[in-house]
Structures are given as C-alpha cells and as structure tokens.
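Structure file data_25.tsv (TSV, C-alpha atoms) is printed below.
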```
chain	number	residue	atom	x	y	z
A	681	MET	CA	-28.85	-27.48	-154.13
A	682	ILE	CA	-32.25	-28.58	-152.81
A	683	ALA	CA	-30.89	-29.13	-149.31
A	684	GLU	CA	-29.36	-25.65	-149.31
A	685	SER	CA	-32.57	-24.06	-150.61
A	686	LEU	CA	-34.63	-25.80	-147.95
A	687	GLU	CA	-32.14	-24.71	-145.28
A	688	LYS	CA	-32.29	-21.06	-146.43
A	689	SER	CA	-36.08	-21.17	-146.47
A	690	LEU	CA	-36.11	-22.57	-142.96
A	691	HIS	CA	-34.07	-19.65	-141.66
A	692	ALA	CA	-36.03	-17.05	-143.59
A	693	CYS	CA	-39.54	-18.43	-143.12
A	694	GLY	CA	-39.40	-20.92	-140.18
A	695	GLU	CA	-42.94	-20.84	-138.83
A	696	ARG	CA	-44.65	-19.49	-141.94
A	697	PRO	CA	-46.91	-21.91	-143.83
A	698	PHE	CA	-45.18	-24.02	-146.46
A	699	LEU	CA	-48.05	-26.35	-147.34
A	700	ILE	CA	-51.72	-26.15	-146.45
A	701	THR	CA	-54.20	-28.93	-147.23
A	702	ASP	CA	-57.76	-29.70	-146.15
A	703	SER	CA	-56.44	-31.77	-143.25
A	704	ASP	CA	-52.98	-30.45	-142.46
A	705	ARG	CA	-50.71	-27.42	-142.28
A	706	TRP	CA	-46.93	-27.68	-142.56
A	707	THR	CA	-44.60	-24.81	-141.72
A	708	TYR	CA	-41.19	-24.47	-143.30
A	709	SER	CA	-39.78	-25.84	-140.05
A	710	ASP	CA	-42.12	-28.87	-140.11
A	711	THR	CA	-41.25	-29.53	-143.74
A	712	HIS	CA	-37.53	-29.23	-143.10
A	713	GLN	CA	-37.69	-31.75	-140.26
A	714	ARG	CA	-39.90	-34.19	-142.20
A	715	VAL	CA	-37.77	-34.01	-145.35
A	716	ASN	CA	-34.53	-34.56	-143.40
A	717	ARG	CA	-35.97	-37.63	-141.64
A	718	LEU	CA	-37.24	-39.04	-144.95
A	719	ALA	CA	-33.89	-38.33	-146.66
A	720	ALA	CA	-32.04	-40.09	-143.83
A	721	GLY	CA	-34.39	-43.08	-144.18
A	722	LEU	CA	-33.82	-43.20	-147.93
A	723	ALA	CA	-30.06	-42.88	-147.54
A	724	ALA	CA	-30.12	-45.84	-145.15
A	725	ARG	CA	-32.05	-48.03	-147.63
A	726	PRO	CA	-30.02	-50.16	-150.04
A	727	CYS	CA	-31.81	-48.86	-153.12
A	728	ASN	CA	-30.92	-46.57	-155.99
A	729	SER	CA	-34.26	-46.15	-157.67
A	730	LEU	CA	-37.63	-45.66	-156.11
A	731	ALA	CA	-41.12	-44.82	-157.19
A	732	CYS	CA	-43.70	-42.69	-155.50
A	733	TYR	CA	-47.41	-43.35	-155.86
A	734	LEU	CA	-49.21	-40.95	-153.54
A	735	PRO	CA	-52.35	-39.72	-155.29
A	736	ASP	CA	-53.52	-36.45	-153.75
A	737	SER	CA	-51.08	-36.60	-150.85
A	738	PRO	CA	-49.05	-33.64	-149.63
A	739	GLU	CA	-46.39	-36.20	-148.68
A	740	LEU	CA	-45.44	-36.25	-152.36
A	741	ILE	CA	-43.62	-32.93	-152.00
A	742	ALA	CA	-41.64	-34.18	-149.00
A	743	ILE	CA	-40.70	-37.41	-150.82
A	744	VAL	CA	-39.52	-35.52	-153.93
A	745	LEU	CA	-37.32	-33.25	-151.81
A	746	ALA	CA	-36.01	-36.13	-149.67
A	747	ALA	CA	-35.14	-38.28	-152.70
A	748	ALA	CA	-33.20	-35.41	-154.26
A	749	ILE	CA	-31.28	-34.80	-151.03
A	750	ALA	CA	-30.53	-38.51	-150.60
A	751	GLY	CA	-29.31	-38.76	-154.21
A	752	LYS	CA	-31.96	-41.26	-155.28
A	753	GLN	CA	-33.64	-41.69	-158.64
A	754	LEU	CA	-37.37	-41.09	-158.17
A	755	LEU	CA	-40.14	-42.09	-160.54
A	756	LEU	CA	-43.42	-40.23	-160.00
A	757	LEU	CA	-46.52	-42.25	-160.81
A	758	ASN	CA	-49.56	-40.05	-161.25
A	759	ARG	CA	-53.03	-40.51	-159.85
A	760	ASP	CA	-54.40	-41.86	-163.13
A	761	PHE	CA	-52.43	-45.09	-162.80
A	762	ASN	CA	-54.30	-48.14	-161.59
A	763	MET	CA	-52.59	-50.83	-159.53
A	764	GLN	CA	-51.81	-53.00	-162.56
A	765	GLN	CA	-50.09	-50.07	-164.29
A	766	VAL	CA	-48.12	-49.31	-161.14
A	767	GLU	CA	-46.91	-52.94	-161.03
A	768	GLU	CA	-46.01	-52.88	-164.74
A	769	GLN	CA	-43.96	-49.68	-164.44
A	770	LEU	CA	-42.11	-50.88	-161.35
A	771	SER	CA	-41.19	-54.11	-163.10
A	772	ARG	CA	-40.34	-52.52	-166.46
A	773	LEU	CA	-38.12	-49.85	-164.93
A	774	GLU	CA	-36.59	-52.17	-162.30
A	775	ILE	CA	-37.56	-49.95	-159.39
A	776	ASP	CA	-36.13	-51.04	-156.03
A	777	LEU	CA	-38.66	-49.43	-153.67
A	778	LEU	CA	-42.22	-48.12	-153.84
A	779	ILE	CA	-43.39	-45.39	-151.50
A	780	SER	CA	-47.15	-45.35	-151.42
A	781	ASP	CA	-50.09	-45.02	-149.08
A	782	GLU	CA	-51.70	-47.95	-150.92
A	783	THR	CA	-50.51	-51.57	-150.92
A	784	VAL	CA	-49.69	-52.98	-154.35
A	785	ALA	CA	-50.45	-56.70	-154.26
A	786	GLY	CA	-47.92	-57.73	-156.94
A	787	ILE	CA	-44.97	-56.07	-155.20
A	788	ALA	CA	-43.13	-57.78	-152.33
A	789	ALA	CA	-43.89	-56.25	-148.94
A	790	ASP	CA	-40.21	-55.50	-148.29
A	791	ARG	CA	-40.15	-53.34	-151.43
A	792	GLN	CA	-43.01	-51.10	-150.27
A	793	LEU	CA	-43.14	-48.41	-147.60
A	794	THR	CA	-45.61	-45.76	-146.59
A	795	PRO	CA	-44.18	-42.28	-145.97
A	796	ASP	CA	-44.71	-42.80	-142.21
A	797	GLU	CA	-42.83	-46.13	-142.28
A	798	LEU	CA	-39.97	-44.46	-144.14
A	799	ASP	CA	-39.98	-41.64	-141.58
A	800	ARG	CA	-39.56	-44.16	-138.74
A	801	LEU	CA	-36.61	-46.05	-140.26
A	802	PRO	CA	-33.52	-45.88	-138.08
A	803	ALA	CA	-30.95	-43.77	-139.91
A	804	ASP	CA	-27.99	-41.53	-139.43
A	805	GLY	CA	-29.38	-38.11	-140.40
A	806	ALA	CA	-25.99	-36.73	-141.37
A	807	ALA	CA	-25.52	-39.42	-144.00
A	808	ALA	CA	-28.53	-38.21	-145.96
A	809	LEU	CA	-27.52	-34.59	-146.30
A	810	GLN	CA	-24.29	-34.74	-148.24
A	811	GLY	CA	-25.52	-32.54	-151.09
A	812	ASN	CA	-26.23	-35.38	-153.48
A	813	GLN	CA	-28.60	-34.66	-156.30
A	814	GLY	CA	-31.15	-37.24	-157.28
A	815	GLN	CA	-32.97	-37.68	-160.55
A	816	LEU	CA	-36.67	-37.17	-161.12
A	817	LEU	CA	-38.36	-39.38	-163.72
A	818	LEU	CA	-41.72	-38.44	-165.18
A	819	LEU	CA	-43.51	-40.73	-167.60
A	820	THR	CA	-45.07	-39.07	-170.60
A	821	SER	CA	-46.99	-40.21	-173.62
A	822	GLY	CA	-47.04	-36.95	-175.53
A	823	THR	CA	-50.73	-36.51	-176.28
A	824	THR	CA	-51.84	-40.12	-176.67
A	825	ASP	CA	-50.96	-43.70	-175.80
A	826	GLN	CA	-49.64	-45.20	-172.55
A	827	PRO	CA	-46.98	-43.33	-170.54
A	828	LYS	CA	-43.41	-44.33	-171.42
```
Mind converting the file's structure to structure tokens?
Amino acid sequence: MIAESLEKSLHACGERPFLITDSDRWTYSDTHQRVNRLAAGLAARPCNSLACYLPDSPELIAIVLAAAIAGKQLLLLNRDFNMQQVEEQLSRLEIDLLISDETVAGIAADRQLTPDELDRLPADGAAALQGNQGQLLLLTSGTTDQPK
C-alpha cells in the first residue's frame, strides 16, 4: 500500500517538493529513490524489528516509509528520550537494529546504523519492494509516567 502510494505520487508529482527543511529540499522523485534504497538495505538486513531515533531529522519520514515497504517492525523513539532511555527501550523490546544519527554507547556497533550507512548497504532493490506491510510502534504513557 505504501509502496503503491509512493509510486503514484512519483508519477503525479515527480519534481514537486515533497519535504523542505532548513537545510534540504526533497522532491517526490528524490524521496522515492531514497526510500527504495533504504527499503532494499533493510530487506537485506537479517532483522525483524528496528528502532529509529532521529530527533529533528527529515530522514525519519524516509525510514518510516522504507520500513513499511520492507515489512519491518519499526519503533519510533521521540526526541525527548535520553540515551539511557533509548538503551532501555531497545533492550526491553528486543530490538535488532537501531537507526540513528547519534551513537548509543550501550548498543553494539553492528546493531546501529546511520541513515546514510543504511543507504549504502549492498542490496537487491527488487527484494525490498514486494508489497510487504510493516508495523509501526509508538510508545505512549497516556498523560503521565514513562512511555510503555
């Protein structure tokens, strides 16, 4: 579903802006290419569940789309988490891979990737786009307490 929607948007809006930030501008075409490369990288990784900790990064959108296309379970960790909380959630939820632009000291280096490292992983692009649907996990605490 997400892959098809992105494909339709590419054909309808190709060079129109998809995402504009203070430092970057992505067209629908740029986004389509980036998401497909990330999805191929995720499909090539032997992991089922991953977490994304990208405070204030436009890459978050690309990772969410790529994880859905690759059929991965994705936990979003919000900007209010400190490194200790990130470590705790990864351990508690048995997350296989962290995608972040920050290094988390308590997590093995082979279980962490930046979006750019994921983008550069050798992968068969066709394998990622088989119409799988991933799962998106959001931690919530209601109105008080720690996220669960």
Nearby residues (only C-alpha atoms) at most 10 Å from Pro697 of chain A, same-chain spacing under 3 positions excluded, as a PyMOL selection string: chain A and resi 693-694+700+705-711
Just to confirm, what's the straight-line distance from atom CA of His712 of chain A to atom CA of Val766 of chain A in Å (one decimal)? 29.0 Å
Pairwise distance, atom CA of Ala719 of chain A with atom CA of Leu745 of chain A, equals 8.0 Å
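Candidate residues A:Pro738, A:Ala747, A:Gln764, A:Leu730 were compared for distance to Gln792 of chain A, and the nearest is A:Leu730, using all atoms listed in the file.
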List the neighbours of Leu755 of chain A out to 8 Å using all atoms listed in the file; skip same-chain residues closer than 3 positions along the sequence, and give me the result as a ChimeraX atom specification. /A:729-732,816-819
Residues as selected, C-alpha atoms, written as a short mmCIF file (atom, residue, chain, number, x, y, z; two decimals), keeping the file's coordinate frame, can you do that?
```cif
data_model
loop_
_atom_site.label_atom_id
_atom_site.label_comp_id
_atom_site.auth_asym_id
_atom_site.auth_seq_id
_atom_site.Cartn_x
_atom_site.Cartn_y
_atom_site.Cartn_z
CA SER A 729 -34.26 -46.15 -157.67
CA LEU A 730 -37.63 -45.66 -156.11
CA ALA A 731 -41.12 -44.82 -157.19
CA CYS A 732 -43.70 -42.69 -155.50
CA LEU A 816 -36.67 -37.17 -161.12
CA LEU A 817 -38.36 -39.38 -163.72
CA LEU A 818 -41.72 -38.44 -165.18
CA LEU A 819 -43.51 -40.73 -167.60
#
```
Between atom CA of Asn716 of chain A and atom CA of Leu757 of chain A lies a distance of 22.5 Å
Can you work out which one of A:Pro726, A:Gly751, A:Gly721, A:Gly786 has the shortest atom-to-atom distance to Gln769 of chain A, counting only C-alpha atoms? A:Gly786
Show me, as AutoDock Vina command-line options, the centre and edge lengths in Å to one decimal of the axis-aligned box that covers every listed atom of segment 793-804 of chain A with 6 Å on each side.
```
--center_x -36.8 --center_y -45.0 --center_z -142.8 --size_x 29.6 --size_y 18.9 --size_z 21.5
```
Using only C-alpha atoms, the residue out of A:Leu798, A:Val744, A:Leu686, A:Ile787 with shortest distance to Gly814 of chain A is A:Val744
